[in-house]
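Pasted below: start.cif, mmCIF, C-alpha atoms.
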data_model
#
loop_
_atom_site.group_PDB
_atom_site.id
_atom_site.type_symbol
_atom_site.label_atom_id
_atom_site.label_comp_id
_atom_site.auth_asym_id
_atom_site.auth_seq_id
_atom_site.Cartn_x
_atom_site.Cartn_y
_atom_site.Cartn_z
ATOM 1 C CA MET A 156 164.244 143.954 98.601
ATOM 2 C CA LYS A 157 164.394 144.939 94.946
ATOM 3 C CA ALA A 158 162.006 147.542 93.567
ATOM 4 C CA ALA A 159 160.132 146.985 90.309
ATOM 5 C CA GLY A 160 160.938 150.515 89.105
ATOM 6 C CA THR A 161 157.304 151.417 88.526
ATOM 7 C CA GLY A 162 154.849 153.570 90.383
ATOM 8 C CA GLU A 163 152.609 156.602 90.128
ATOM 9 C CA ILE A 164 152.976 160.343 90.555
ATOM 10 C CA TYR A 165 152.096 161.322 94.123
ATOM 11 C CA SER A 166 152.875 165.049 93.742
ATOM 12 C CA PHE A 167 154.875 167.290 91.419
ATOM 13 C CA SER A 168 155.920 170.839 90.709
ATOM 14 C CA GLU A 169 157.288 172.484 87.584
ATOM 15 C CA VAL A 170 160.474 174.506 88.019
ATOM 16 C CA HIS A 171 160.525 177.560 85.755
ATOM 17 C CA ARG A 172 163.552 179.356 87.205
ATOM 18 C CA ALA A 173 166.952 177.678 87.151
ATOM 19 C CA PRO A 174 168.516 177.412 90.625
ATOM 20 C CA THR A 175 172.005 177.607 89.059
ATOM 21 C CA PRO A 176 173.345 178.343 85.565
ATOM 22 C CA ALA A 177 173.860 174.600 84.961
ATOM 23 C CA PHE A 178 170.075 174.130 84.885
ATOM 24 C CA ALA A 179 169.268 177.118 82.647
ATOM 25 C CA SER A 180 168.866 175.037 79.485
ATOM 26 C CA SER A 181 166.572 172.538 81.247
ATOM 27 C CA VAL A 182 163.790 174.818 82.515
ATOM 28 C CA PRO A 183 160.994 174.151 82.749
ATOM 29 C CA TYR A 184 161.465 170.748 84.375
ATOM 30 C CA ALA A 185 159.425 168.768 86.879
ATOM 31 C CA VAL A 186 160.316 167.365 90.286
ATOM 32 C CA GLY A 187 158.147 165.688 92.860
ATOM 33 C CA VAL A 188 157.295 162.534 94.732
ATOM 34 C CA VAL A 189 156.668 159.137 93.169
ATOM 35 C CA ARG A 190 154.867 156.377 95.048
ATOM 36 C CA LEU A 191 156.571 153.140 94.044
ATOM 37 C CA THR A 192 154.519 149.997 93.473
ATOM 38 C CA GLU A 193 156.038 148.700 96.725
ATOM 39 C CA GLY A 194 154.560 151.669 98.655
ATOM 40 C CA VAL A 195 157.786 153.634 99.196
ATOM 41 C CA HIS A 196 157.754 157.372 98.377
ATOM 42 C CA LEU A 197 160.785 158.972 96.668
ATOM 43 C CA PHE A 198 161.631 162.543 95.700
ATOM 44 C CA THR A 199 162.643 162.505 92.041
ATOM 45 C CA ARG A 200 162.895 164.257 88.720
ATOM 46 C CA PHE A 201 160.129 163.571 86.194
ATOM 47 C CA PHE A 202 160.394 163.460 82.406
ATOM 48 C CA ALA A 203 157.210 163.646 80.314
ATOM 49 C CA GLN A 204 155.590 165.191 77.291
ATOM 50 C CA PRO A 205 153.476 168.291 77.996
ATOM 51 C CA GLY A 206 150.208 167.375 79.673
ATOM 52 C CA GLN A 207 151.318 163.888 80.790
ATOM 53 C CA LEU A 208 152.140 164.847 84.364
ATOM 54 C CA GLU A 209 149.156 164.414 86.622
ATOM 55 C CA ILE A 210 148.615 162.964 90.062
ATOM 56 C CA GLY A 211 148.181 159.204 89.789
ATOM 57 C CA ALA A 212 149.777 158.896 86.324
ATOM 58 C CA PRO A 213 151.881 155.747 85.905
ATOM 59 C CA VAL A 214 155.659 156.197 85.672
ATOM 60 C CA SER A 215 158.694 153.970 85.264
ATOM 61 C CA CYS A 216 162.291 154.379 86.360
ATOM 62 C CA GLU A 217 165.183 155.113 84.007
ATOM 63 C CA PHE A 218 168.760 156.155 84.692
ATOM 64 C CA ARG A 219 169.873 159.338 82.915
ATOM 65 C CA VAL A 220 172.894 161.610 83.037
ATOM 66 C CA LEU A 221 171.616 164.944 84.354
ATOM 67 C CA GLU A 222 172.910 168.517 84.162
ATOM 68 C CA LEU A 223 175.787 168.131 86.618
ATOM 69 C CA GLY A 224 177.050 164.949 84.975
ATOM 70 C CA GLN A 225 175.721 162.375 87.455
ATOM 71 C CA LYS A 226 173.774 159.329 86.368
ATOM 72 C CA MET A 227 170.597 159.422 88.451
ATOM 73 C CA PRO A 228 167.329 157.517 88.681
ATOM 74 C CA VAL A 229 164.453 159.537 87.208
ATOM 75 C CA PHE A 230 160.858 158.644 86.440
ATOM 76 C CA VAL A 231 159.301 158.821 82.989
ATOM 77 C CA ALA A 232 155.583 159.243 82.295
ATOM 78 C CA GLY A 233 153.933 158.131 79.109
ATOM 79 C CA GLY A 234 156.817 156.094 77.768
ATOM 80 C CA GLN A 235 158.993 159.072 76.783
#
Take the structure in the file and give it back as structure tokens.
Amino acid sequence: MKAAGTGEIYSFSEVHRAPTPAFASSVPYAVGVVRLTEGVHLFTRFFAQPGQLEIGAPVSCEFRVLELGQKMPVFVAGGQ
């Protein structure tokens, strides 16, 4: 089954302290759970403008190269 790549924020948390030096330039950043349109829940990284992250907000999937060089699926709120 293919996923549409859309969903809504189920839960999230903002990280304000880098777990390793590689993440130091990225704090604060948001991680949490997205509920896909198909009903599946995934742990993910969120990208949004300040104030756009809220429970139930619509998000869409994008693939981005993150801090450690891997291309990963992330979810974007508000069309960022």
Result set, the PyMOL selection byres ((chain A and resi 158) around 9) on current file, as a PyMOL selection string
chain A and resi 156-157+159-161+191-193
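Of the listed residues A:Ala232, A:Ser166, A:Ala177, A:Val182, the one whose atoms come nearest to Gln207 in chain A is A:Ala232, with distances taken using all atoms listed in the file.
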Expressed in Å, the length from CA of Val195 in chain A to CA of Arg172 in chain A is 29.0 Å
Pairwise distance, CA of Lys226 in chain A with CA of Thr199 in chain A, equals 12.9 Å
For Tyr165 in chain A, the nearest of the candidates A:Gly187, A:Gly224, A:Pro205, A:Gly194, counting all atoms listed in the file:
A:Gly187
Find the distance between CA of Ile210 in chain A and CA of Phe198 in chain A and write it in Å to one decimal.
14.2 Å
Would you mind writing range 190-208 of chain A with N, CA, C and O atoms, as a PDB file, in the frame of the given file?
ATOM      1  N   ARG A 190     155.211 157.482  94.149  1.00  0.00           N
ATOM      2  CA  ARG A 190     154.867 156.377  95.048  1.00  0.00           C
ATOM      3  C   ARG A 190     155.151 155.097  94.281  1.00  0.00           C
ATOM      4  O   ARG A 190     154.472 154.774  93.299  1.00  0.00           O
ATOM      5  N   LEU A 191     156.209 154.378  94.710  1.00  0.00           N
ATOM      6  CA  LEU A 191     156.571 153.140  94.044  1.00  0.00           C
ATOM      7  C   LEU A 191     155.501 152.071  94.259  1.00  0.00           C
ATOM      8  O   LEU A 191     154.744 152.130  95.231  1.00  0.00           O
ATOM      9  N   THR A 192     155.464 151.104  93.374  1.00  0.00           N
ATOM     10  CA  THR A 192     154.519 149.997  93.473  1.00  0.00           C
ATOM     11  C   THR A 192     154.610 149.331  94.847  1.00  0.00           C
ATOM     12  O   THR A 192     153.603 148.883  95.397  1.00  0.00           O
ATOM     13  N   GLU A 193     155.816 149.316  95.419  1.00  0.00           N
ATOM     14  CA  GLU A 193     156.038 148.700  96.725  1.00  0.00           C
ATOM     15  C   GLU A 193     155.553 149.560  97.892  1.00  0.00           C
ATOM     16  O   GLU A 193     155.620 149.147  99.043  1.00  0.00           O
ATOM     17  N   GLY A 194     155.085 150.798  97.615  1.00  0.00           N
ATOM     18  CA  GLY A 194     154.560 151.669  98.655  1.00  0.00           C
ATOM     19  C   GLY A 194     155.528 152.708  99.179  1.00  0.00           C
ATOM     20  O   GLY A 194     155.148 153.561  99.973  1.00  0.00           O
ATOM     21  N   VAL A 195     156.778 152.664  98.756  1.00  0.00           N
ATOM     22  CA  VAL A 195     157.786 153.634  99.196  1.00  0.00           C
ATOM     23  C   VAL A 195     157.626 154.927  98.400  1.00  0.00           C
ATOM     24  O   VAL A 195     157.342 154.892  97.200  1.00  0.00           O
ATOM     25  N   HIS A 196     157.819 156.075  99.048  1.00  0.00           N
ATOM     26  CA  HIS A 196     157.754 157.372  98.377  1.00  0.00           C
ATOM     27  C   HIS A 196     159.169 157.908  98.185  1.00  0.00           C
ATOM     28  O   HIS A 196     159.977 157.864  99.117  1.00  0.00           O
ATOM     29  N   LEU A 197     159.465 158.412  96.987  1.00  0.00           N
ATOM     30  CA  LEU A 197     160.785 158.972  96.668  1.00  0.00           C
ATOM     31  C   LEU A 197     160.638 160.343  96.033  1.00  0.00           C
ATOM     32  O   LEU A 197     159.756 160.558  95.198  1.00  0.00           O
ATOM     33  N   PHE A 198     161.535 161.262  96.401  1.00  0.00           N
ATOM     34  CA  PHE A 198     161.631 162.543  95.700  1.00  0.00           C
ATOM     35  C   PHE A 198     162.442 162.300  94.446  1.00  0.00           C
ATOM     36  O   PHE A 198     163.485 161.644  94.489  1.00  0.00           O
ATOM     37  N   THR A 199     161.997 162.831  93.309  1.00  0.00           N
ATOM     38  CA  THR A 199     162.643 162.505  92.041  1.00  0.00           C
ATOM     39  C   THR A 199     162.450 163.607  91.010  1.00  0.00           C
ATOM     40  O   THR A 199     161.729 164.567  91.225  1.00  0.00           O
ATOM     41  N   ARG A 200     163.077 163.415  89.904  1.00  0.00           N
ATOM     42  CA  ARG A 200     162.895 164.257  88.720  1.00  0.00           C
ATOM     43  C   ARG A 200     161.993 163.494  87.758  1.00  0.00           C
ATOM     44  O   ARG A 200     162.136 162.284  87.587  1.00  0.00           O
ATOM     45  N   PHE A 201     161.033 164.187  87.164  1.00  0.00           N
ATOM     46  CA  PHE A 201     160.129 163.571  86.194  1.00  0.00           C
ATOM     47  C   PHE A 201     160.458 164.041  84.785  1.00  0.00           C
ATOM     48  O   PHE A 201     160.830 165.198  84.569  1.00  0.00           O
ATOM     49  N   PHE A 202     160.286 163.136  83.815  1.00  0.00           N
ATOM     50  CA  PHE A 202     160.394 163.460  82.406  1.00  0.00           C
ATOM     51  C   PHE A 202     159.094 163.037  81.751  1.00  0.00           C
ATOM     52  O   PHE A 202     158.623 161.914  81.966  1.00  0.00           O
ATOM     53  N   ALA A 203     158.494 163.941  80.965  1.00  0.00           N
ATOM     54  CA  ALA A 203     157.210 163.646  80.314  1.00  0.00           C
ATOM     55  C   ALA A 203     156.959 164.640  79.196  1.00  0.00           C
ATOM     56  O   ALA A 203     157.543 165.724  79.162  1.00  0.00           O
ATOM     57  N   GLN A 204     156.077 164.269  78.312  1.00  0.00           N
ATOM     58  CA  GLN A 204     155.590 165.191  77.291  1.00  0.00           C
ATOM     59  C   GLN A 204     154.623 166.164  77.964  1.00  0.00           C
ATOM     60  O   GLN A 204     154.045 165.840  79.005  1.00  0.00           O
ATOM     61  N   PRO A 205     154.425 167.350  77.397  1.00  0.00           N
ATOM     62  CA  PRO A 205     153.476 168.291  77.996  1.00  0.00           C
ATOM     63  C   PRO A 205     152.109 167.649  78.197  1.00  0.00           C
ATOM     64  O   PRO A 205     151.615 166.928  77.337  1.00  0.00           O
ATOM     65  N   GLY A 206     151.534 167.883  79.366  1.00  0.00           N
ATOM     66  CA  GLY A 206     150.208 167.375  79.673  1.00  0.00           C
ATOM     67  C   GLY A 206     150.171 165.962  80.237  1.00  0.00           C
ATOM     68  O   GLY A 206     149.116 165.491  80.646  1.00  0.00           O
ATOM     69  N   GLN A 207     151.308 165.256  80.286  1.00  0.00           N
ATOM     70  CA  GLN A 207     151.318 163.888  80.790  1.00  0.00           C
ATOM     71  C   GLN A 207     151.505 163.808  82.304  1.00  0.00           C
ATOM     72  O   GLN A 207     151.260 162.766  82.886  1.00  0.00           O
ATOM     73  N   LEU A 208     151.959 164.875  82.918  1.00  0.00           N
ATOM     74  CA  LEU A 208     152.140 164.847  84.364  1.00  0.00           C
ATOM     75  C   LEU A 208     150.825 165.164  85.052  1.00  0.00           C
ATOM     76  O   LEU A 208     150.260 166.240  84.886  1.00  0.00           O
TER      77      LEU A 208
END
